[in-house]
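Shown next: query.txt, containing compact mmCIF, C-alpha atoms.
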# COMPACT_ATOMS: atom_id res chain seq x y z
CA MET A 1 13.72 -13.38 7.98
CA GLU A 2 11.05 -15.86 6.86
CA LYS A 3 9.48 -15.66 10.29
CA PHE A 4 9.84 -11.87 10.34
CA LEU A 5 7.82 -11.52 7.14
CA SER A 6 5.46 -14.41 7.84
CA PHE A 7 2.43 -12.62 6.35
CA THR A 8 3.87 -12.78 2.81
CA PRO A 9 1.33 -14.00 0.23
CA GLN A 10 2.21 -16.64 -2.39
CA TYR A 11 1.30 -16.25 -6.03
CA THR A 12 2.16 -18.22 -9.13
CA CYS A 13 1.06 -15.56 -11.66
CA LEU A 14 2.43 -12.07 -12.07
CA GLU A 15 -1.10 -10.78 -12.77
CA ASP A 16 -2.24 -11.78 -9.29
CA VAL A 17 0.61 -9.86 -7.67
CA LEU A 18 -0.09 -6.70 -9.66
CA ILE A 19 -3.72 -6.44 -8.58
CA ASP A 20 -3.16 -7.17 -4.87
CA HIS A 21 -4.23 -3.95 -3.13
CA ASN A 22 -2.89 -5.08 0.24
CA LEU A 23 0.59 -5.50 -1.25
CA ALA A 24 0.22 -2.06 -2.85
CA ARG A 25 -0.41 -0.49 0.57
CA LEU A 26 2.79 -1.94 1.99
CA GLY A 27 4.57 -1.21 -1.29
CA ASP A 28 3.70 2.48 -1.02
CA ALA A 29 5.65 2.70 2.25
CA TYR A 30 8.51 0.57 0.89
CA VAL A 31 8.84 2.57 -2.32
CA ASN A 32 8.95 5.91 -0.49
CA PHE A 33 11.54 4.54 1.93
CA ILE A 34 13.97 3.19 -0.69
CA TYR A 35 13.51 6.33 -2.81
CA SER A 36 14.34 8.49 0.21
CA ILE A 37 17.48 6.45 0.91
CA ALA A 38 18.52 6.69 -2.76
CA LEU A 39 17.98 10.47 -2.79
CA SER A 40 19.94 10.80 0.45
CA LYS A 41 22.85 8.93 -1.08
CA ARG A 42 22.73 11.02 -4.24
CA GLU A 43 22.55 14.34 -2.35
CA ASP A 44 24.94 13.10 0.36
CA LYS A 45 22.62 14.22 3.14
CA ALA A 46 19.55 12.70 4.74
CA THR A 47 16.36 13.61 2.91
CA GLY A 48 12.96 12.21 2.00
CA ALA A 49 10.44 12.27 -0.85
CA LYS A 50 7.27 10.58 -1.98
CA VAL A 51 7.08 8.86 -5.34
CA SER A 52 4.14 9.98 -7.49
CA SER A 53 1.63 7.68 -9.19
CA ARG A 54 2.61 9.33 -12.47
CA VAL A 55 6.24 8.18 -12.13
CA LEU A 56 5.24 4.66 -11.09
CA ALA A 57 2.69 4.31 -13.90
CA GLN A 58 5.26 5.43 -16.48
CA ALA A 59 7.84 3.04 -14.99
CA LEU A 60 5.36 0.17 -15.24
CA LYS A 61 4.89 0.85 -18.94
CA ARG A 62 8.62 1.21 -19.56
CA ALA A 63 9.22 -2.14 -17.81
CA LYS A 64 6.72 -3.70 -20.25
CA LEU A 65 4.34 -4.75 -17.49
CA ARG A 66 1.28 -2.78 -18.63
CA GLY A 67 0.06 -5.75 -20.71
CA PHE A 68 -0.36 -7.88 -17.58
CA LEU A 69 -3.07 -5.58 -16.26
CA PRO A 70 -6.71 -5.24 -17.35
CA LYS A 71 -7.46 -2.50 -19.87
CA ARG A 72 -8.81 0.90 -18.78
CA MET A 73 -6.85 1.38 -15.59
CA ASP A 74 -6.12 4.87 -14.30
CA ARG A 75 -2.69 6.16 -13.38
CA HIS A 76 -3.26 5.59 -9.69
CA THR A 77 -4.14 1.91 -10.16
CA MET A 78 -1.08 1.40 -12.37
CA GLY A 79 1.04 3.00 -9.64
CA ASP A 80 -0.49 0.57 -7.15
CA ALA A 81 0.49 -2.34 -9.40
CA ALA A 82 4.11 -1.17 -9.46
CA GLU A 83 4.15 -0.83 -5.66
CA ALA A 84 2.62 -4.30 -5.26
CA LEU A 85 5.33 -5.96 -7.38
CA VAL A 86 8.19 -4.20 -5.59
CA ALA A 87 6.72 -5.14 -2.19
CA TYR A 88 6.24 -8.75 -3.28
CA ALA A 89 9.88 -9.01 -4.39
CA TYR A 90 11.06 -7.55 -1.08
CA LEU A 91 8.84 -9.84 1.02
CA HIS A 92 10.10 -12.89 -0.91
CA GLU A 93 13.70 -11.76 -0.42
CA ALA A 94 14.12 -11.63 -4.19
CA ILE A 95 15.53 -8.13 -3.77
CA SER A 96 16.97 -6.45 -0.67
CA ILE A 97 16.72 -2.83 0.42
CA GLU A 98 20.36 -2.29 -0.59
CA GLU A 99 19.73 -3.80 -4.05
CA SER A 100 16.54 -1.78 -4.50
CA VAL A 101 18.43 1.43 -3.72
CA GLY A 102 21.21 0.35 -6.10
CA ALA A 103 18.69 -0.19 -8.92
CA LEU A 104 17.23 3.28 -8.34
CA LEU A 105 20.67 4.88 -8.37
CA SER A 106 21.56 3.24 -11.69
CA ALA A 107 19.26 5.63 -13.59
CA ASN A 108 19.19 9.30 -14.51
CA ASN A 109 15.57 10.00 -13.62
CA ALA A 110 12.89 8.59 -11.35
CA THR A 111 10.87 6.87 -14.10
CA GLU A 112 13.89 5.02 -15.46
CA ALA A 113 14.95 4.22 -11.89
CA PHE A 114 11.68 2.50 -11.03
CA ALA A 115 11.54 0.79 -14.42
CA ASN A 116 14.95 -0.73 -13.61
CA LEU A 117 13.71 -1.84 -10.20
CA LEU A 118 10.53 -3.38 -11.64
CA CYS A 119 12.51 -5.30 -14.28
CA GLN A 120 14.91 -6.60 -11.64
CA ALA A 121 12.05 -7.60 -9.33
CA ARG A 122 10.27 -9.48 -12.10
CA GLU A 123 13.42 -11.25 -13.30
CA ARG A 124 14.20 -12.56 -9.83
CA LEU A 125 10.72 -13.88 -9.14
CA SER A 126 9.62 -17.08 -10.86
CA PHE A 127 6.19 -16.73 -12.38
CA ASN A 128 4.42 -19.17 -14.63
CA PRO A 129 4.20 -18.01 -18.25
CA THR A 130 0.70 -16.74 -18.97
CA ALA A 131 -1.53 -16.09 -21.95
CA SER A 132 -0.88 -12.36 -21.79
CA GLU A 133 2.88 -12.91 -21.68
CA SER A 134 2.95 -14.90 -24.88
CA THR A 135 1.37 -11.99 -26.74
CA LEU A 136 3.78 -9.31 -25.47
CA MET B 1 26.51 -1.06 5.46
CA GLU B 2 28.68 1.89 6.45
CA LYS B 3 29.30 2.63 2.79
CA PHE B 4 25.63 2.10 1.96
CA LEU B 5 24.56 4.81 4.42
CA SER B 6 27.57 7.05 3.86
CA PHE B 7 25.52 10.26 4.16
CA THR B 8 24.85 9.68 7.87
CA PRO B 9 25.45 12.81 10.00
CA GLN B 10 27.42 12.65 13.27
CA TYR B 11 26.20 14.37 16.42
CA THR B 12 27.39 14.33 20.02
CA CYS B 13 24.23 15.86 21.53
CA LEU B 14 20.71 14.48 21.45
CA GLU B 15 19.34 18.01 20.99
CA ASP B 16 21.14 18.36 17.65
CA VAL B 17 19.60 15.15 16.35
CA LEU B 18 16.07 16.14 17.36
CA ILE B 19 16.13 19.43 15.44
CA ASP B 20 17.69 18.06 12.22
CA HIS B 21 14.99 18.56 9.59
CA ASN B 22 16.85 16.53 6.99
CA LEU B 23 16.87 13.51 9.28
CA ALA B 24 13.15 14.10 9.91
CA ARG B 25 12.44 13.86 6.18
CA LEU B 26 14.12 10.49 5.91
CA GLY B 27 12.63 9.49 9.27
CA ASP B 28 9.11 10.12 7.96
CA ALA B 29 9.63 7.46 5.27
CA TYR B 30 11.35 5.07 7.70
CA VAL B 31 8.64 5.40 10.36
CA ASN B 32 5.81 4.74 7.89
CA PHE B 33 7.68 1.72 6.52
CA ILE B 34 8.34 0.02 9.86
CA TYR B 35 4.82 0.84 11.05
CA SER B 36 3.40 -0.76 7.89
CA ILE B 37 5.50 -3.89 8.43
CA ALA B 38 4.40 -4.06 12.09
CA LEU B 39 0.73 -3.68 11.12
CA SER B 40 1.14 -6.34 8.43
CA LYS B 41 2.54 -8.75 10.98
CA ARG B 42 -0.21 -8.00 13.47
CA GLU B 43 -2.99 -8.39 10.88
CA ASP B 44 -1.20 -11.29 9.16
CA LYS B 45 -1.60 -9.71 5.73
CA ALA B 46 0.30 -7.03 3.85
CA THR B 47 -0.99 -3.54 4.63
CA GLY B 48 0.24 0.02 5.03
CA ALA B 49 -0.46 3.12 7.11
CA LYS B 50 0.94 6.54 7.82
CA VAL B 51 1.85 7.56 11.36
CA SER B 52 0.30 10.86 12.44
CA SER B 53 2.18 13.79 14.01
CA ARG B 54 -0.20 13.52 16.97
CA VAL B 55 0.93 9.97 17.74
CA LEU B 56 4.62 10.83 17.34
CA ALA B 57 4.34 13.99 19.49
CA GLN B 58 2.63 12.02 22.26
CA ALA B 59 5.24 9.26 22.00
CA LEU B 60 8.03 11.86 22.30
CA LYS B 61 6.52 13.12 25.56
CA ARG B 62 5.95 9.63 26.92
CA ALA B 63 9.60 8.78 26.16
CA LYS B 64 10.59 11.85 28.26
CA LEU B 65 12.28 13.56 25.33
CA ARG B 66 10.16 16.73 25.27
CA GLY B 67 12.61 18.51 27.62
CA PHE B 68 15.39 18.28 25.03
CA LEU B 69 13.49 20.53 22.65
CA PRO B 70 12.95 24.30 22.76
CA LYS B 71 9.69 25.49 24.34
CA ARG B 72 6.68 26.43 22.21
CA MET B 73 6.93 23.78 19.55
CA ASP B 74 3.84 22.62 17.70
CA ARG B 75 2.75 19.02 17.32
CA HIS B 76 4.18 18.75 13.82
CA THR B 77 7.65 19.85 14.93
CA MET B 78 7.59 17.40 17.83
CA GLY B 79 6.64 14.66 15.38
CA ASP B 80 9.61 15.66 13.22
CA ALA B 81 11.90 15.35 16.25
CA ALA B 82 10.69 11.79 16.87
CA GLU B 83 11.24 10.88 13.21
CA ALA B 84 14.74 12.40 13.27
CA LEU B 85 15.81 10.32 16.28
CA VAL B 86 14.48 7.06 14.85
CA ALA B 87 16.20 7.73 11.50
CA TYR B 88 19.48 8.60 13.26
CA ALA B 89 19.41 5.34 15.22
CA TYR B 90 18.75 3.37 12.02
CA LEU B 91 21.50 5.14 10.05
CA HIS B 92 23.99 4.49 12.85
CA GLU B 93 22.96 0.83 12.96
CA ALA B 94 21.95 1.27 16.59
CA ILE B 95 18.63 -0.34 15.73
CA SER B 96 17.67 -2.51 12.76
CA ILE B 97 14.41 -2.67 10.84
CA GLU B 98 13.60 -5.99 12.52
CA GLU B 99 14.27 -4.53 15.98
CA SER B 100 12.25 -1.40 15.21
CA VAL B 101 9.29 -3.55 14.18
CA GLY B 102 9.74 -5.65 17.32
CA ALA B 103 9.65 -2.54 19.51
CA LEU B 104 6.43 -1.39 17.83
CA LEU B 105 4.81 -4.80 18.31
CA SER B 106 5.62 -4.82 22.02
CA ALA B 107 2.90 -2.25 22.72
CA ASN B 108 -0.90 -2.13 22.75
CA ASN B 109 -1.33 1.16 20.90
CA ALA B 110 0.63 3.31 18.45
CA THR B 111 1.68 5.97 20.97
CA GLU B 112 3.12 3.43 23.39
CA ALA B 113 4.72 1.60 20.44
CA PHE B 114 6.65 4.65 19.26
CA ALA B 115 7.53 5.63 22.84
CA ASN B 116 9.14 2.18 23.21
CA LEU B 117 11.02 2.66 19.97
CA LEU B 118 12.25 6.14 20.93
CA CYS B 119 13.45 4.90 24.33
CA GLN B 120 15.29 2.02 22.68
CA ALA B 121 16.85 4.32 20.06
CA ARG B 122 18.06 6.75 22.71
CA GLU B 123 19.47 4.05 24.97
CA ARG B 124 21.52 2.53 22.17
CA LEU B 125 23.01 5.82 21.01
CA SER B 126 25.75 7.40 23.11
CA PHE B 127 25.12 11.09 23.67
CA ASN B 128 26.97 13.46 25.95
CA PRO B 129 24.98 14.42 29.04
CA THR B 130 23.61 17.94 28.63
CA ALA B 131 22.31 20.75 30.82
CA SER B 132 18.73 19.93 29.94
CA GLU B 133 19.25 16.27 30.81
CA SER B 134 20.47 17.04 34.32
CA THR B 135 17.21 18.86 35.05
CA LEU B 136 14.90 16.12 33.76
Mind turning this structure into structure tokens?
Amino acid sequence: MEKFLSFTPQYTCLEDVLIDHNLARLGDAYVNFIYSIALSKREDKATGAKVSSRVLAQALKRAKLRGFLPKRMDRHTMGDAAEALVAYAYLHEAISIEESVGALLSANNATEAFANLLCQARERLSFNPTASESTL
Amino acid sequence: MEKFLSFTPQYTCLEDVLIDHNLARLGDAYVNFIYSIALSKREDKATGAKVSSRVLAQALKRAKLRGFLPKRMDRHTMGDAAEALVAYAYLHEAISIEESVGALLSANNATEAFANLLCQARERLSFNPTASESTL
């Protein structure tokens, strides 16, 4: 698996993950895939859906990650940050596809679902404590 | 894994898979995800991209699957058929994410890449021979 995902970047700070636009691009595809699997399981038939920036931005706030980002970011950029973190956790094998789907299914709505996933991703990754963290 | 993907439909004919719009919805998310992983590996950095209906429709023809579909289908519907087959193969564990990515990386362009993947998916699934197949 390490060889399979050999392009995985390495960061020591959560902030650096959240602003990586390359990770966000891959995360967009990952997030839509796991959401589609989760919906398929819930509806008991194959289906697909895209996750909106609005949902991801709200989930980021609910997971208490907004404070790790610069001020004055729009909804789309906050959505990108959520996608970047989820992709990073997947690439580092901190969370599998099955676990990601499980986290999404543990909630009653999409915002709560992605907040759960973001919390789980962050918990399983080891980041250095930062200045912004100490003030949260 | 069987429990994880418990919503997987069962078909005996390839034609039935290709026209399943629910599978195509999930397949859209799957195809974009594996394509994004393959691109990330090729470029050696995380990235993402969406696969166009044009590429998928051309790949379907190159994989000699066009004859299994009704006449007079537009490019978008042919793309859906390709997505449905790839999703079906994944759900039935006939091809893994790693193998899908490997099939995509074995080609020089996106059309050839998805044609390889479609051929591999079809070969690994056991379908009954049909009237249309005997004339191909």
Checklist entry - Counting all atoms listed in the file, which of B:Leu26, B:Ala63, B:Leu14, B:Ile97 gets nearest to Lys45 (chain A)? => result B:Leu26
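Shortest separation to chain B among A:Asp80, A:Asp74, A:Asp16, A:Glu98 occurs at residue A:Glu98, atoms counted being all atoms listed in the file.
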Next on the checklist: Taking all atoms listed in the file into account, find every residue of chain A that has an atom no more than 10 Å from chain B, and write it out as a PyMOL selection string.
Outcome noted: chain A and resi 1+3-9+20-50+84+87-88+91+98+101-102
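In this model, the gap between CA of Met73 (chain A) and CA of Ile19 (chain A) comes to 11.0 Å.
Reported to one decimal place, the separation of CA of Ile95 (chain B) from CA of Phe114 (chain A) is 27.8 Å.
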Checklist entry - To one decimal place, how far is CA of Arg54 (chain A) from CA of Gly79 (chain B) in Å? => result 28.6 Å
Item to check | Which residue of B:Ala110, B:Ala103, B:Leu85, B:His76 approaches Cys13 (chain B) most closely, using all atoms listed in the file | outcome: B:Leu85
Can you sort out the box for region 47-58 of chain B, edges along x, y and z, all listed atoms in, 8 Å on every side, with centre and edge lengths in Å to one decimal, as AutoDock Vina command-line options?
--center_x 1.8 --center_y 5.2 --center_z 13.4 --size_x 21.6 --size_y 33.5 --size_z 33.6
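Using all atoms listed in the file, the nearest neighbour of Ala113 (chain A) within the list A:Ala59, A:Lys64, A:Thr77, A:His92 is A:Ala59.
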